[in-house]
Amino acid sequence: MHKFLFRRFLQSIGVFLAVSLVMFAMLQAAGDPIALLVGEEGTPEDIVRLRRAFGLDRSIPVQYVLFLRNALRGDLGISYHHGVPAMGLVLERVPATLELVLTAMLVATLLSIPLGVIAASYRGGALDRLFLSGSLVGISAPPFWVGIVFILVFGVLLRWLPTSGRGGWEHLVLPAGSLALYRLALFIRLVRSGMLDVLGQEYVRTARAKGLAERAVVFKHALKNTLIPFITIAGLQMGSLLAGAVVTERVFAWPGMGRLILDSIQKLDYPVVMSWALVTAGIFIVINLIVDISYSFVDPRVRVT
Amino acid sequence: MRRTMSRPPRSARGLPRWAGPALAALLLALPPAAHAAKEHFVIAFQGDAATLDAQGRNETTTISIQMHMFEALIFRAIDGGLEPGLALSWKAASPTRWLIKLRKGVRFHDGAPFTAEVAKESLLRAQGKGFAKSQMKHFTKGIKEVRVVDEATLEIDTGTPYPTLPEDLANIAIVPVDYIKKVGDAVFARKPVGTGPYRFVEWVKDDHIDMAANPAYWKGAPTIKKVRVRPVPVNAARTAGLLAGEIDVVWGVSPVDAPQLEANPNLKVYRTVTQRTIYLTFDHWRKEGGPLQKEGPYSPGLPKGHPNPFLKLKVRQAVAHALDVQALLKAVMHGSGVPATQLNPPQAFGYNHRLKRLPYDPARAKKLLAEAGFPNGFKTRLDCPNDRYINDGPMCEAIAGMLTKAGIVATPNPRPKAVFFPQMDAGDFSMFMAGWGTQYVTPTYNAVFHTRDLKRGFGRINRGHYRSEEADAIAAKASVEMDDKKRQALWERMWEITMGDLASLPLYQQEAIIATQKSVNLKPRFNEWVLAQEITLADKN
């Protein structure tokens, strides 16, 4: 286990380096941040001064090396637009995103497992068909549209819930609900097809034959064996949401990382984009680690070495 | 050595034992759903303030938010004129020396007094002294020296005649220099202290900024006591918040939503022309089409070897006659926007009210093209940004279509602003669309029309290399003319010359659209600020 963690740690350094290099290269191609910052009315002195202040007057390889050196000291630079440390800007938005994503994932997971199991158990029945067609809608509906429809129906027409912003739990319902919708639909299908695979296996027949209660057969014997693909996909979904539920955060004016990164990319705020990329890489590394470790919990044949 | 991880305890049903209690704890942790009565007056902008340091960022939303808490010596009135702010009066004692009388007895929100010394230090900070990040430097460039004459009098020495000093002073917020020295720039930028009608309460980035009425404000406390400014990026979500009654004022209503809101009896919609002028610029200097080279002789938007038609006034006039700006505004902007005759808005000093647009007349356009030696028209690229101005991408396509109908076969080439502007600066165009947004005629002329001389700071945005010695001479005279009437006449003449030459072809001034609840009374500002202190509320009966 220690060896495993140590190896993962070494790998993650490589991941951070690769991510920073790719992001850095991509940003170079995206345009000129100073032109955006000073706007049409900015003077040439402003441009020269800012270019120097941000170190953009150096050659690109030198800029990258300086970035790495400062990053090692924990300094990812000052946001061009906000004038404060970039990493701080990213980190202070983590709680909002975490709140949103964990709620959505929790709702999607807790609902999808029983619904998926039910659908598989009554394959071809009315419930199964209902869940299947419902999940088709959930998977196909674009998140932007879902968000706006939620706002219009529950915020404007019914006035049950606030239309945007972060505050009490009532602010959380619509954005988390619209994020959960797609995952719920996806997970239902995942659990259902996994269950259908497993329910036809010999050991399930054996379990039934030895007279176990159907509930024990389904949940203890069958369900556990469908969880590995489920955990994999759920982990990936979680990671991409934590990196920024970009569209949903924007639609609901949710003050999370997704909104920050979108604004920052539009403004070519290099330090914020780089900080975000590193935080995101870190999130993915941790989630992958959790996913890998949890495999061994669900399936004793899997070993973490 | 390999080790298998130990298995965690599990309940009989396959879910871990902690799942039940965890869920219960989560539900209990959620606060009650009480829809509290709306405590704040809510203004929704599109973006958040970049900083609350009133000298840290020159950008409309940021300044509009800051101006609840800060004041300048001179106040920019709703109609664009100048009124006393922290200064009672100002006058030029000589062309290069201004005397400014300050208001007495004003205090910052932390109790510190506003004095001549504070005013002086604020101006110096705006110039960048001790605050390199100041974005107000260009407003204070002309200030050579600031002296404190007495407690309530400031003397500003400008070196050269500087008739527009008061205009520039209206942009410089007075900041609490002692507080800043104590807490540092970074803390000041998040917890601002000013002299304005609202005190800072709280800032949750990207969610809200709360402010409370300043009871000690020298004009008297504002009527609205608690203000919340919220950044809501998606237009539809801002509109939804207004419809749901959560938001009182929505800034930046998109033109497509405006008619629907106008039809709603519970809401009010205000439209006002802004200083943002959208215009076309031509290549005035390169002789023929061909690939772009640094300082090269070819105009890259035109086919290789073809002569540059934009060198001819008649062709530029043909472009003007080919465009039906009213129709463009109707089709692309849902009727939002006002056809422009020059690059400054009507409220600007020096605006020439006698100028008229060349009328839409495609037949005349064709005739002019023929007279200029292009009986069959010509081909060109039309470069535009597609994420900088309202509906700029579609506008680009529509303009190209209209030009093509009149014989100028234009290929629209819209690109993101981060790519577009550097390419325009590099001369990668033959004709492009862009916007110019200031109410000040001197910087407008010097940047957009003055013969290009980048070392001396002239012609920075004159990417088409337009030149008129006559206009340059008039502008030089106007920028040091201390008599307002004479200065006005000079600038009017400048507009006559440059617009007669079609140095650029102004298309329209963008409109700002604000929507509010019916109970809200405000006068829209052409500088696009929304200030709670300028809003009154009708009784909700």
# chains A, B, ... in the order shown; residues from 1 in each chain; ligands from 1
call {"tool": "select_by_dssp", "arguments": {"residues": "range 67-138 of chain B", "states": "strand (DSSP E or B)", "output": "ChimeraX atom specification"}}
result
/B:72,74-76,82-84,87-94,97-102,107,113
call {"tool": "residues_around", "arguments": {"residues": "range 381-396 of chain B", "least_positions_apart": "4", "cutoff": "7 Å", "atoms": "only C-alpha atoms", "output": "PyMOL selection string"}}
result
chain B and resi 301-302+332-333+400+410-417+420+429-434
call {"tool": "interface_residues", "arguments": {"of": "chain A", "to": "chain B", "cutoff": "6 Å", "atoms": "only C-alpha atoms", "output": "ChimeraX atom specification"}}
result
/A:31-32,82,156,163,169-170,220,251,253,255,297,303
call {"tool": "write_last_selection", "arguments": {"atoms": "N, CA and C atoms", "output": "PDB file, in the first residue's frame"}}
result
ATOM      1  N   GLY A  31      -4.024  33.941 -27.938  1.00  0.00           N
ATOM      2  CA  GLY A  31      -4.129  35.377 -28.181  1.00  0.00           C
ATOM      3  C   GLY A  31      -3.343  36.151 -27.149  1.00  0.00           C
ATOM      4  N   ASP A  32      -3.542  37.449 -27.147  1.00  0.00           N
ATOM      5  CA  ASP A  32      -2.721  38.328 -26.324  1.00  0.00           C
ATOM      6  C   ASP A  32      -3.523  38.853 -25.130  1.00  0.00           C
ATOM      7  N   HIS A  82      -7.806  40.334 -11.669  1.00  0.00           N
ATOM      8  CA  HIS A  82      -8.224  40.635 -10.302  1.00  0.00           C
ATOM      9  C   HIS A  82      -7.121  41.269  -9.467  1.00  0.00           C
ATOM     10  N   VAL A 156     -39.458  31.120 -11.813  1.00  0.00           N
ATOM     11  CA  VAL A 156     -40.288  32.215 -12.296  1.00  0.00           C
ATOM     12  C   VAL A 156     -41.779  31.870 -12.214  1.00  0.00           C
ATOM     13  N   THR A 163     -33.876  31.797  -8.345  1.00  0.00           N
ATOM     14  CA  THR A 163     -33.431  31.516  -9.711  1.00  0.00           C
ATOM     15  C   THR A 163     -31.919  31.389  -9.824  1.00  0.00           C
ATOM     16  N   TRP A 169     -29.966  26.145   1.499  1.00  0.00           N
ATOM     17  CA  TRP A 169     -30.101  24.936   0.682  1.00  0.00           C
ATOM     18  C   TRP A 169     -31.069  25.147  -0.467  1.00  0.00           C
ATOM     19  N   GLU A 170     -32.009  26.105  -0.307  1.00  0.00           N
ATOM     20  CA  GLU A 170     -32.974  26.318  -1.391  1.00  0.00           C
ATOM     21  C   GLU A 170     -32.278  26.832  -2.655  1.00  0.00           C
ATOM     22  N   LYS A 220     -26.816  -8.308  -2.420  1.00  0.00           N
ATOM     23  CA  LYS A 220     -25.546  -8.788  -1.889  1.00  0.00           C
ATOM     24  C   LYS A 220     -24.706  -9.472  -2.965  1.00  0.00           C
ATOM     25  N   VAL A 251     -25.055  29.315 -15.609  1.00  0.00           N
ATOM     26  CA  VAL A 251     -26.492  29.566 -15.723  1.00  0.00           C
ATOM     27  C   VAL A 251     -27.068  29.998 -14.378  1.00  0.00           C
ATOM     28  N   ALA A 253     -25.476  31.326 -11.876  1.00  0.00           N
ATOM     29  CA  ALA A 253     -24.616  32.312 -11.221  1.00  0.00           C
ATOM     30  C   ALA A 253     -24.034  31.737  -9.934  1.00  0.00           C
ATOM     31  N   PRO A 255     -21.092  30.672  -7.593  1.00  0.00           N
ATOM     32  CA  PRO A 255     -19.718  31.202  -7.539  1.00  0.00           C
ATOM     33  C   PRO A 255     -18.663  30.117  -7.394  1.00  0.00           C
ATOM     34  N   PHE A 297     -12.197  -2.712  -2.230  1.00  0.00           N
ATOM     35  CA  PHE A 297     -13.235  -2.895  -1.235  1.00  0.00           C
ATOM     36  C   PHE A 297     -14.385  -3.698  -1.824  1.00  0.00           C
ATOM     37  N   ARG A 303      -6.304  -6.105  -6.120  1.00  0.00           N
ATOM     38  CA  ARG A 303      -5.363  -5.752  -5.065  1.00  0.00           C
ATOM     39  C   ARG A 303      -4.706  -4.434  -5.393  1.00  0.00           C
TER      40      ARG A 303
END
call {"tool": "residues_around", "arguments": {"residues": "range 256-267 of chain A", "least_positions_apart": "3", "cutoff": "10 Å", "atoms": "only C-alpha atoms", "output": "PyMOL selection string"}}
result
(chain A and resi 27+30-37+79-82+89-100+166+241-253+270-277+280) or (chain B and resi 47+205-207+233+387+416-418)
call {"tool": "closest_residue", "arguments": {"among": "B:Ala170, B:Ala54, B:Asp483, B:Ala532", "to": "Glu83 in chain B", "atoms": "only C-alpha atoms"}}
result
B:Ala170
